[in-house]
>>> print(open('protein09.csv').read())   # CSV, C-alpha atoms
chain,number,residue,atom,x,y,z
A,1,MET,CA,-112.7,81.0,-163.0
A,2,LEU,CA,-113.1,77.6,-161.3
A,3,LEU,CA,-111.6,75.6,-164.3
A,4,GLU,CA,-109.4,76.7,-167.2
A,5,VAL,CA,-108.4,74.2,-169.9
A,6,HIS,CA,-105.9,75.5,-172.4
A,7,ASP,CA,-104.7,73.8,-175.6
A,8,LEU,CA,-105.4,70.4,-174.1
A,9,ARG,CA,-104.2,67.4,-176.2
A,10,VAL,CA,-104.8,63.7,-175.2
A,11,SER,CA,-103.3,60.9,-177.3
A,12,TYR,CA,-102.9,57.2,-177.1
A,13,HIS,CA,-100.3,55.1,-178.9
A,14,THR,CA,-101.9,52.0,-180.4
A,15,ASP,CA,-100.8,49.3,-182.9
A,16,GLU,CA,-102.7,51.2,-185.6
A,17,GLY,CA,-101.0,54.5,-184.8
A,18,THR,CA,-101.5,57.5,-182.4
A,19,VAL,CA,-105.1,58.3,-181.5
A,20,LYS,CA,-105.6,62.0,-181.0
A,21,ALA,CA,-108.6,61.7,-178.7
A,22,VAL,CA,-108.6,65.4,-177.7
A,23,ASP,CA,-106.9,67.9,-179.9
A,24,SER,CA,-106.1,71.5,-178.9
A,25,VAL,CA,-109.2,72.1,-176.7
A,26,THR,CA,-109.5,75.3,-174.8
A,27,LEU,CA,-112.5,76.1,-172.5
A,28,SER,CA,-113.3,77.6,-169.1
A,29,LEU,CA,-115.9,77.1,-166.4
A,30,GLY,CA,-117.1,79.6,-163.8
A,31,ARG,CA,-118.5,79.0,-160.4
A,32,ARG,CA,-122.1,77.6,-160.2
A,33,GLU,CA,-122.1,77.3,-164.0
A,34,THR,CA,-123.1,74.2,-166.0
A,35,LEU,CA,-121.2,73.5,-169.3
A,36,ALA,CA,-122.8,70.8,-171.5
A,37,ILE,CA,-120.4,69.1,-173.8
A,38,VAL,CA,-122.2,67.6,-176.8
A,39,GLY,CA,-121.1,65.3,-179.6
A,40,GLU,CA,-121.4,61.8,-181.1
A,41,SER,CA,-119.7,58.8,-179.7
A,42,GLY,CA,-116.0,59.0,-180.5
A,43,SER,CA,-115.9,62.8,-180.4
A,44,GLY,CA,-113.6,62.9,-177.4
A,45,LYS,CA,-116.0,64.4,-174.9
A,46,SER,CA,-115.6,61.6,-172.3
A,47,THR,CA,-111.8,61.6,-172.7
A,48,LEU,CA,-111.9,65.4,-172.0
A,49,ALA,CA,-113.9,64.8,-168.8
A,50,LEU,CA,-111.7,61.9,-167.6
A,51,SER,CA,-108.5,64.0,-168.2
A,52,ILE,CA,-109.9,66.7,-165.8
A,53,ILE,CA,-110.6,64.2,-163.0
A,54,GLY,CA,-107.3,62.2,-163.7
A,55,LEU,CA,-108.9,58.9,-164.6
A,56,LEU,CA,-107.2,58.4,-168.0
A,57,PRO,CA,-105.3,55.1,-168.5
A,58,LYS,CA,-101.5,55.2,-168.0
A,59,THR,CA,-101.0,54.8,-171.7
A,60,ALA,CA,-102.5,58.3,-172.3
A,61,ARG,CA,-100.3,61.2,-173.0
A,62,VAL,CA,-101.6,64.6,-171.8
A,63,ASP,CA,-100.2,67.9,-173.1
A,64,GLY,CA,-101.5,71.4,-172.4
A,65,SER,CA,-102.9,72.9,-169.3
A,66,ILE,CA,-105.8,72.1,-166.9
A,67,ARG,CA,-106.0,74.6,-164.0
A,68,PHE,CA,-108.6,73.9,-161.3
A,69,LEU,CA,-108.8,76.3,-158.3
A,70,ASN,CA,-105.5,77.8,-159.6
A,71,LYS,CA,-103.8,74.5,-159.4
A,72,GLU,CA,-102.2,72.8,-162.4
A,73,LEU,CA,-103.7,69.3,-162.6
A,74,THR,CA,-101.5,67.9,-165.4
A,75,SER,CA,-98.5,67.8,-163.1
A,76,LEU,CA,-100.3,66.2,-160.0
A,77,ARG,CA,-99.0,62.9,-158.7
A,78,GLU,CA,-101.6,60.1,-158.5
A,79,GLU,CA,-102.0,60.3,-154.7
A,80,GLU,CA,-102.7,64.1,-155.0
A,81,PHE,CA,-105.3,63.3,-157.7
A,82,ARG,CA,-106.9,60.7,-155.4
A,83,ARG,CA,-107.3,63.3,-152.6
A,84,LEU,CA,-108.8,65.8,-155.1
A,85,ARG,CA,-111.3,63.2,-156.5
A,86,GLY,CA,-114.3,62.9,-154.3
A,87,ASP,CA,-113.1,65.9,-152.3
A,88,ARG,CA,-113.3,68.8,-154.7
A,89,ILE,CA,-114.2,67.0,-157.9
A,90,THR,CA,-116.7,64.2,-158.2
A,91,ILE,CA,-118.0,62.2,-161.2
A,92,VAL,CA,-121.3,60.4,-162.0
A,93,PHE,CA,-120.9,57.7,-164.6
A,94,GLN,CA,-123.3,56.5,-167.3
A,95,GLU,CA,-123.8,53.1,-165.7
A,96,PRO,CA,-124.1,53.3,-161.9
A,97,MET,CA,-123.4,49.6,-161.4
A,98,THR,CA,-119.8,50.3,-162.5
A,99,ALA,CA,-119.4,52.7,-159.5
A,100,LEU,CA,-121.4,50.9,-156.8
A,101,ASN,CA,-119.8,48.0,-155.0
A,102,PRO,CA,-122.2,45.0,-155.4
A,103,VAL,CA,-121.2,43.5,-152.0
A,104,PHE,CA,-121.8,46.8,-150.0
A,105,THR,CA,-125.1,48.1,-149.0
A,106,ILE,CA,-125.9,51.7,-150.1
A,107,GLY,CA,-125.5,52.8,-146.5
A,108,LYS,CA,-122.0,51.4,-146.3
A,109,PHE,CA,-121.1,52.8,-149.7
A,110,MET,CA,-122.2,56.3,-148.9
A,111,ARG,CA,-120.9,56.2,-145.3
A,112,ASP,CA,-117.4,55.1,-146.4
A,113,ILE,CA,-117.3,57.9,-149.1
A,114,TYR,CA,-118.0,60.5,-146.4
A,115,LEU,CA,-115.7,59.1,-143.8
A,116,THR,CA,-112.8,58.8,-146.3
A,117,HIS,CA,-113.0,62.4,-147.4
A,118,ARG,CA,-114.5,64.2,-144.4
A,119,GLY,CA,-113.9,62.1,-141.3
A,120,GLY,CA,-116.3,62.3,-138.4
A,121,THR,CA,-118.6,59.6,-137.0
A,122,GLU,CA,-120.5,56.8,-138.6
A,123,LYS,CA,-123.7,58.2,-137.2
A,124,ASP,CA,-123.1,61.6,-138.8
A,125,ALA,CA,-122.2,60.0,-142.1
A,126,LEU,CA,-125.3,57.9,-142.2
A,127,SER,CA,-127.5,60.8,-141.2
A,128,LEU,CA,-126.1,62.9,-144.0
A,129,ALA,CA,-126.5,60.0,-146.5
A,130,ARG,CA,-130.2,59.7,-145.4
A,131,GLU,CA,-130.7,63.5,-145.8
A,132,TRP,CA,-129.2,63.5,-149.3
A,133,LEU,CA,-131.2,60.5,-150.4
A,134,GLY,CA,-134.2,62.5,-149.5
A,135,LYS,CA,-132.9,65.5,-151.5
A,136,VAL,CA,-132.6,63.4,-154.6
A,137,LYS,CA,-136.2,62.1,-154.0
A,138,VAL,CA,-135.4,58.5,-153.2
A,139,PRO,CA,-138.6,57.1,-151.6
A,140,GLY,CA,-137.9,55.3,-148.3
A,141,PRO,CA,-134.3,56.4,-147.7
A,142,GLU,CA,-133.9,54.2,-144.6
A,143,LYS,CA,-134.8,51.1,-146.6
A,144,VAL,CA,-132.5,52.1,-149.5
A,145,LEU,CA,-129.6,52.5,-147.1
A,146,SER,CA,-129.9,48.9,-146.1
A,147,SER,CA,-130.4,47.7,-149.7
A,148,TYR,CA,-127.8,46.3,-152.1
A,149,PRO,CA,-127.3,47.9,-155.6
A,150,HIS,CA,-128.9,45.0,-157.5
A,151,GLU,CA,-132.1,45.5,-155.4
A,152,LEU,CA,-132.6,49.0,-156.9
A,153,SER,CA,-133.8,50.1,-160.3
A,154,GLY,CA,-131.4,51.8,-162.7
A,155,GLY,CA,-133.0,55.2,-162.0
A,156,MET,CA,-132.7,54.7,-158.2
A,157,ARG,CA,-129.1,53.7,-158.5
A,158,GLN,CA,-128.3,56.8,-160.5
A,159,ARG,CA,-130.1,58.9,-157.8
A,160,VAL,CA,-127.8,57.3,-155.2
A,161,LEU,CA,-124.7,58.2,-157.2
A,162,ILE,CA,-125.9,61.8,-157.6
A,163,ALA,CA,-126.5,62.0,-153.8
A,164,SER,CA,-123.1,60.5,-153.1
A,165,SER,CA,-121.4,63.0,-155.4
A,166,LEU,CA,-123.1,66.0,-153.9
A,167,MET,CA,-123.0,65.1,-150.2
A,168,LEU,CA,-119.3,66.1,-150.0
A,169,GLU,CA,-120.1,69.6,-151.3
A,170,PRO,CA,-117.6,69.5,-154.2
A,171,ASP,CA,-116.7,72.5,-156.3
A,172,LEU,CA,-117.1,70.6,-159.6
A,173,VAL,CA,-119.4,67.6,-160.5
A,174,ILE,CA,-118.8,65.9,-163.8
A,175,MET,CA,-121.7,63.9,-165.2
A,176,ASP,CA,-120.8,61.5,-168.0
A,177,GLU,CA,-124.0,60.7,-169.9
A,178,PRO,CA,-125.8,59.9,-166.6
A,179,THR,CA,-129.2,59.4,-168.2
A,180,SER,CA,-128.3,57.6,-171.5
A,181,ALA,CA,-128.6,54.0,-170.0
A,182,LEU,CA,-132.1,54.8,-168.6
A,183,ASP,CA,-135.5,54.6,-170.3
A,184,VAL,CA,-137.0,57.8,-171.6
A,185,SER,CA,-139.5,58.4,-168.7
A,186,VAL,CA,-136.8,57.9,-166.0
A,187,GLN,CA,-134.3,59.9,-168.0
A,188,ALA,CA,-136.7,62.9,-167.9
A,189,GLN,CA,-137.1,62.5,-164.1
A,190,ILE,CA,-133.4,62.5,-163.6
A,191,LEU,CA,-132.9,65.6,-165.8
A,192,ARG,CA,-135.6,67.5,-163.9
A,193,LEU,CA,-133.9,66.4,-160.6
A,194,ILE,CA,-130.5,67.7,-161.8
A,195,ALA,CA,-132.0,71.0,-162.9
A,196,GLU,CA,-133.5,71.4,-159.4
A,197,LEU,CA,-130.4,70.4,-157.6
A,198,LYS,CA,-128.3,73.0,-159.5
A,199,SER,CA,-130.1,75.8,-157.7
A,200,GLN,CA,-129.6,74.2,-154.3
A,201,VAL,CA,-125.8,73.6,-154.3
A,202,GLU,CA,-122.7,75.7,-154.8
A,203,ALA,CA,-121.1,73.3,-157.3
A,204,SER,CA,-120.3,73.8,-161.0
A,205,PHE,CA,-121.2,71.0,-163.4
A,206,ILE,CA,-119.8,69.6,-166.6
A,207,PHE,CA,-122.5,67.5,-168.3
A,208,ILE,CA,-121.5,65.1,-171.1
A,209,THR,CA,-124.2,64.1,-173.6
A,210,HIS,CA,-124.7,63.1,-177.2
A,211,ASN,CA,-128.1,64.8,-177.3
A,212,LEU,CA,-128.6,68.6,-177.7
A,213,GLY,CA,-132.1,68.2,-176.2
A,214,VAL,CA,-130.6,66.9,-173.0
A,215,ALA,CA,-128.0,69.7,-173.0
A,216,ALA,CA,-130.9,72.2,-173.3
A,217,ALA,CA,-132.4,70.8,-170.1
A,218,VAL,CA,-129.4,71.3,-167.9
A,219,GLY,CA,-126.7,73.5,-169.6
A,220,ASP,CA,-126.0,77.2,-169.2
A,221,ARG,CA,-123.4,77.0,-172.0
A,222,VAL,CA,-122.9,74.4,-174.6
A,223,ALA,CA,-119.6,73.2,-176.2
A,224,VAL,CA,-120.0,71.0,-179.3
A,225,MET,CA,-117.2,68.6,-180.0
A,226,TYR,CA,-116.4,66.7,-183.2
A,227,ALA,CA,-113.5,64.4,-183.8
A,228,GLY,CA,-111.5,65.6,-180.7
A,229,LYS,CA,-112.1,69.3,-181.3
A,230,ILE,CA,-114.5,72.0,-180.1
A,231,VAL,CA,-116.3,73.3,-183.3
A,232,GLU,CA,-118.8,75.6,-181.6
A,233,MET,CA,-119.3,77.0,-178.1
A,234,ALA,CA,-121.9,79.5,-176.8
A,235,SER,CA,-124.7,80.1,-174.4
A,236,LYS,CA,-127.5,77.6,-174.5
A,237,GLU,CA,-129.8,80.2,-175.9
A,238,GLU,CA,-127.4,81.2,-178.6
A,239,ILE,CA,-126.7,77.6,-179.7
A,240,PHE,CA,-130.4,76.9,-180.2
A,241,SER,CA,-131.4,80.3,-181.7
A,242,ASN,CA,-128.4,80.8,-183.9
A,243,PRO,CA,-126.3,77.6,-184.5
A,244,MET,CA,-123.5,78.5,-186.9
A,245,HIS,CA,-121.5,75.3,-187.4
A,246,PRO,CA,-123.0,72.8,-189.9
A,247,TYR,CA,-122.3,70.0,-187.4
A,248,THR,CA,-124.3,71.8,-184.7
A,249,GLN,CA,-127.1,72.4,-187.1
A,250,GLY,CA,-127.0,68.7,-188.0
A,251,LEU,CA,-127.2,67.7,-184.3
A,252,LEU,CA,-130.3,70.0,-183.9
A,253,ARG,CA,-132.0,68.4,-186.8
A,254,ALA,CA,-131.4,65.0,-185.2
A,255,VAL,CA,-133.2,65.9,-182.0
A,256,PRO,CA,-136.7,64.3,-181.9
A,257,LYS,CA,-139.4,67.0,-182.1
A,258,VAL,CA,-142.4,67.1,-179.6
A,259,SER,CA,-144.7,67.8,-182.6
A,260,GLY,CA,-143.4,64.7,-184.4
A,261,GLY,CA,-142.0,64.7,-187.9
A,262,GLU,CA,-138.9,63.0,-189.3
A,263,VAL,CA,-135.6,63.0,-187.4
A,264,GLU,CA,-132.7,63.8,-189.8
A,265,PRO,CA,-129.6,61.9,-188.9
A,266,ILE,CA,-126.2,63.3,-190.0
A,267,PRO,CA,-124.9,61.1,-192.9
A,268,GLY,CA,-121.7,59.2,-192.4
A,269,SER,CA,-119.8,58.6,-189.1
A,270,VAL,CA,-117.2,60.2,-186.9
A,271,PRO,CA,-113.8,59.7,-188.5
A,272,SER,CA,-110.9,57.6,-187.2
A,273,LEU,CA,-108.8,59.7,-184.8
A,274,VAL,CA,-105.7,57.9,-185.9
A,275,ASN,CA,-106.0,59.3,-189.4
A,276,PRO,CA,-108.5,62.2,-189.2
A,277,PRO,CA,-109.4,64.0,-192.4
A,278,SER,CA,-107.3,67.0,-193.5
A,279,GLY,CA,-108.6,70.5,-193.2
A,280,CYS,CA,-111.9,70.7,-191.3
A,281,ARG,CA,-112.6,67.2,-189.8
A,282,PHE,CA,-116.3,67.5,-190.5
A,283,HIS,CA,-115.8,68.3,-194.2
A,284,PRO,CA,-116.5,64.7,-195.5
A,285,ARG,CA,-120.0,64.9,-194.0
A,286,CYS,CA,-120.7,68.5,-194.5
A,287,PRO,CA,-123.2,69.5,-197.2
A,288,LEU,CA,-121.5,73.0,-197.5
A,289,ALA,CA,-117.9,71.9,-197.7
A,290,ASP,CA,-115.6,73.2,-200.5
A,291,GLU,CA,-111.9,72.8,-201.4
A,292,ARG,CA,-110.7,75.1,-198.7
A,293,CYS,CA,-112.6,73.1,-196.1
A,294,ALA,CA,-110.7,69.9,-197.3
A,295,GLU,CA,-107.3,71.6,-197.2
A,296,GLU,CA,-107.2,74.2,-194.4
A,297,GLU,CA,-108.2,73.6,-190.8
A,298,PRO,CA,-110.5,76.4,-189.5
A,299,ALA,CA,-109.5,78.2,-186.3
A,300,LEU,CA,-112.0,78.5,-183.4
A,301,MET,CA,-112.8,82.2,-183.4
A,302,GLU,CA,-115.2,84.4,-181.5
A,303,VAL,CA,-118.0,85.7,-183.8
A,304,GLY,CA,-120.1,87.3,-181.1
A,305,SER,CA,-120.0,87.8,-177.3
A,306,GLY,CA,-119.1,84.4,-176.0
A,307,HIS,CA,-120.0,82.6,-179.3
A,308,TRP,CA,-117.1,80.7,-180.8
A,309,VAL,CA,-117.1,78.8,-184.1
A,310,ALA,CA,-114.6,76.9,-186.1
A,311,CYS,CA,-115.9,77.1,-189.7
A,312,HIS,CA,-114.5,78.8,-192.8
A,313,ARG,CA,-118.0,79.8,-193.9
A,314,VAL,CA,-118.6,81.9,-190.8
A,315,SER,CA,-117.0,85.3,-190.8
A,316,GLY,CA,-115.7,87.2,-187.8
A,317,SER,CA,-119.1,89.1,-187.8
A,318,GLY,CA,-120.9,85.8,-187.3
A,319,ARG,CA,-122.4,85.9,-190.8
A,320,TRP,CA,-122.3,83.2,-193.5
>>> encode(input="protein09.csv", output="structure tokens")
Amino acid sequence: MLLEVHDLRVSYHTDEGTVKAVDSVTLSLGRRETLAIVGESGSGKSTLALSIIGLLPKTARVDGSIRFLNKELTSLREEEFRRLRGDRITIVFQEPMTALNPVFTIGKFMRDIYLTHRGGTEKDALSLAREWLGKVKVPGPEKVLSSYPHELSGGMRQRVLIASSLMLEPDLVIMDEPTSALDVSVQAQILRLIAELKSQVEASFIFITHNLGVAAAVGDRVAVMYAGKIVEMASKEEIFSNPMHPYTQGLLRAVPKVSGGEVEPIPGSVPSLVNPPSGCRFHPRCPLADERCAEEEPALMEVGSGHWVACHRVSGSGRW
């Protein structure tokens, strides 16, 4: 396995109390595999991603284990993490302007990334940057290299960040909602691009999204998070053909259909992670909840080959 996360817990101390942003999460990622992590805002999926790449604020407390290439990441010093970031693990954020330096041209930005992590000559770095801009289908790579971030569209800036992340040939690329700030047509283009690039590189991907439709476009497996916990995890095909957790079913009903028809939003909202509900954290919003759901927290159990669910109403055989 490339990545193994075991019983990961991430918490923050605030004036209101301790926020349990990620609570007892266990998952793994194989080589050249894409895991899509899905959930509403506040579910803990971005915190999980940032804990893997070591970009959590200093106020965060991390317990549990994150093993990457057989190295325990939770015990790394900051300088070790800095060497790992950009070298073996890269990240593409939701808003590219937060990652691109507004006073640097795209050429200088990409050149400096390469020289910092791989060394070599400026000529080689710029040549590789030009090559990767072509691979992510940026028209006129030479002109883009001499452009500043504000001179490019949002979709073009995101292509630049994707190229910058892949040009170093990392083992793991984390994409934190990379399309949610784009309009629908550009979003579709970027998703198609990511799907194409997956077959051309050796990297594994973690793709963070709030939309199961987006997860379907890029994921091999899907992990559904709710209120800091994984409530269901399975192959993409199994999640869509046989969703078992009521939250997963609700997310699927909330995906707009090509044929039209009403979208059914899940009633209520994600609970506070300072004082989450007792028992199953989804029970206040679940149409199937009973007394047991309100009192006893369900364990995440395997109900089929590679299909994991945390729900009292699902038996070990995968039946309701």
>>> residues_around(input="protein09.csv", residues="A:Thr59", least_positions_apart="6", cutoff="9 Å", atoms="only C-alpha atoms", output="PyMOL selection string")
chain A and resi 11-13
>>> residues_around(input="protein09.csv", residues="A:His283", least_positions_apart="6", cutoff="10 Å", atoms="only C-alpha atoms", output="short mmCIF file (atom, residue, chain, number, x, y, z; two decimals) with C-alpha atoms, keeping the file's coordinate frame")
data_model
loop_
_atom_site.label_atom_id
_atom_site.label_comp_id
_atom_site.auth_asym_id
_atom_site.auth_seq_id
_atom_site.Cartn_x
_atom_site.Cartn_y
_atom_site.Cartn_z
CA PRO A 246 -123.00 72.80 -189.90
CA TYR A 247 -122.30 70.00 -187.40
CA PRO A 277 -109.40 64.00 -192.40
CA ALA A 289 -117.90 71.90 -197.70
CA ASP A 290 -115.60 73.20 -200.50
CA GLU A 291 -111.90 72.80 -201.40
CA ARG A 292 -110.70 75.10 -198.70
CA CYS A 293 -112.60 73.10 -196.10
CA ALA A 294 -110.70 69.90 -197.30
CA GLU A 295 -107.30 71.60 -197.20
CA GLU A 297 -108.20 73.60 -190.80
CA CYS A 311 -115.90 77.10 -189.70
#
>>> atom_distance(input="protein09.csv", atom1="atom CA of A:Pro102", atom2="atom CA of A:Gly155")
16.3 Å
>>> closest_residue(input="protein09.csv", among="A:Val92, A:Arg83, A:Ala125, A:Gly44", to="A:Arg157", atoms="all atoms listed in the file")
A:Val92
>>> residues_around(input="protein09.csv", residues="A:Lys236", least_positions_apart="6", cutoff="7 Å", atoms="all atoms listed in the file", output="PyMOL selection string")
chain A and resi 216+219-222
>>> atom_distance(input="protein09.csv", atom1="atom CA of A:Ile37", atom2="atom CA of A:Thr209")
6.3 Å
>>> closest_residue(input="protein09.csv", among="A:Val22, A:Ala215, A:Leu115, A:Val186", to="A:Ile239", atoms="only C-alpha atoms")
A:Ala215
>>> residues_around(input="protein09.csv", residues="A:Met110", least_positions_apart="5", cutoff="12 Å", atoms="all atoms listed in the file", output="ChimeraX atom specification")
/A:86,99-101,104-105,115-118,122-133,144-149,160-168
>>> residues_around(input="protein09.csv", residues="A:Pro276", least_positions_apart="5", cutoff="12 Å", atoms="only C-alpha atoms", output="ChimeraX atom specification")
/A:17-23,42-43,226-229,269-271,281-284,294,297
>>> atom_distance(input="protein09.csv", atom1="atom CA of A:Asp176", atom2="atom CA of A:Ile91")
7.4 Å
>>> closest_atom_pairs(input="protein09.csv", of="stretch 184-227 of chain A", to="stretch 46-58 of chain A", cutoff="10 Å", atoms="all atoms listed in the file", output="CSV")
residue,atom,partner,partner_atom,distance
A:Ile206,CA,A:Ala49,CA,7.9
A:Phe207,CA,A:Ala49,CA,9.0
A:Ile208,CA,A:Ser46,CA,7.0
A:Thr209,CA,A:Ser46,CA,9.0
>>> closest_residue(input="protein09.csv", among="A:Leu8, A:Glu151, A:Arg159, A:Gln189", to="A:Pro139", atoms="only C-alpha atoms")
A:Arg159
>>> residues_near_point(input="protein09.csv", point="(-116.4, 72.4, -158.0)", cutoff="6 Å", atoms="all atoms listed in the file", output="ChimeraX atom specification")
/A:88-89,170-172,203-204
>>> closest_residue(input="protein09.csv", among="A:Glu33, A:Asn70, A:Val184, A:Glu169", to="A:Val218", atoms="all atoms listed in the file")
A:Glu33
>>> closest_residue(input="protein09.csv", among="A:Arg313, A:His210, A:Arg61, A:Arg85", to="A:Ser41", atoms="all atoms listed in the file")
A:His210
>>> closest_residue(input="protein09.csv", among="A:Arg285, A:His307, A:Arg82, A:Arg253", to="A:Ser235", atoms="only C-alpha atoms")
A:His307
>>> axis_aligned_box(input="protein09.csv", around="stretch 154-165 of chain A", padding_each_side="6 Å", output="AutoDock Vina command-line options")
--center_x -127.2 --center_y 57.4 --center_z -157.9 --size_x 23.6 --size_y 23.2 --size_z 21.6
>>> residues_near_point(input="protein09.csv", point="(-108.4, 75.8, -166.0)", cutoff="7 Å", atoms="only C-alpha atoms", output="PyMOL selection string")
chain A and resi 2-6+28+66-68
>>> build_atoms(input="protein09.csv", residues="stretch 43-62 of chain A", atoms="N, CA and C atoms", output="short mmCIF file (atom, residue, chain, number, x, y, z; two decimals), in the coordinates of the input")
data_model
loop_
_atom_site.label_atom_id
_atom_site.label_comp_id
_atom_site.auth_asym_id
_atom_site.auth_seq_id
_atom_site.Cartn_x
_atom_site.Cartn_y
_atom_site.Cartn_z
N SER A 43 -116.29 61.42 -180.21
CA SER A 43 -115.90 62.80 -180.40
C SER A 43 -114.86 63.31 -179.45
N GLY A 44 -114.62 62.55 -178.37
CA GLY A 44 -113.60 62.90 -177.40
C GLY A 44 -114.11 63.57 -176.14
N LYS A 45 -115.44 63.68 -176.02
CA LYS A 45 -116.00 64.40 -174.90
C LYS A 45 -115.74 63.68 -173.54
N SER A 46 -115.86 62.35 -173.51
CA SER A 46 -115.60 61.60 -172.30
C SER A 46 -114.12 61.62 -171.92
N THR A 47 -113.25 61.54 -172.93
CA THR A 47 -111.80 61.60 -172.70
C THR A 47 -111.46 62.97 -172.07
N LEU A 48 -112.10 64.03 -172.56
CA LEU A 48 -111.90 65.40 -172.00
C LEU A 48 -112.28 65.38 -170.52
N ALA A 49 -113.43 64.80 -170.20
CA ALA A 49 -113.90 64.80 -168.80
C ALA A 49 -112.95 63.96 -167.93
N LEU A 50 -112.53 62.79 -168.41
CA LEU A 50 -111.70 61.90 -167.60
C LEU A 50 -110.27 62.55 -167.41
N SER A 51 -109.84 63.37 -168.35
CA SER A 51 -108.50 64.00 -168.20
C SER A 51 -108.62 65.07 -167.06
N ILE A 52 -109.78 65.70 -166.89
CA ILE A 52 -109.90 66.70 -165.80
C ILE A 52 -109.91 66.06 -164.46
N ILE A 53 -110.48 64.86 -164.35
CA ILE A 53 -110.60 64.20 -163.00
C ILE A 53 -109.42 63.19 -162.83
N GLY A 54 -108.52 63.08 -163.82
CA GLY A 54 -107.30 62.20 -163.70
C GLY A 54 -107.61 60.75 -163.70
N LEU A 55 -108.56 60.32 -164.54
CA LEU A 55 -108.90 58.90 -164.60
C LEU A 55 -108.56 58.30 -165.99
N LEU A 56 -107.66 58.94 -166.71
CA LEU A 56 -107.20 58.40 -168.00
C LEU A 56 -106.29 57.19 -167.74
N PRO A 57 -106.26 56.23 -168.66
CA PRO A 57 -105.30 55.10 -168.50
C PRO A 57 -103.87 55.59 -168.57
N LYS A 58 -102.96 54.81 -168.03
CA LYS A 58 -101.50 55.20 -168.00
C LYS A 58 -100.93 55.34 -169.36
N THR A 59 -101.57 54.72 -170.37
CA THR A 59 -101.00 54.80 -171.70
C THR A 59 -101.33 56.16 -172.39
N ALA A 60 -102.16 56.98 -171.75
CA ALA A 60 -102.50 58.30 -172.30
C ALA A 60 -101.41 59.29 -172.15
N ARG A 61 -101.19 60.09 -173.16
CA ARG A 61 -100.30 61.20 -173.00
C ARG A 61 -101.08 62.51 -173.01
N VAL A 62 -100.84 63.34 -172.01
CA VAL A 62 -101.60 64.60 -171.80
C VAL A 62 -100.65 65.77 -171.99
#
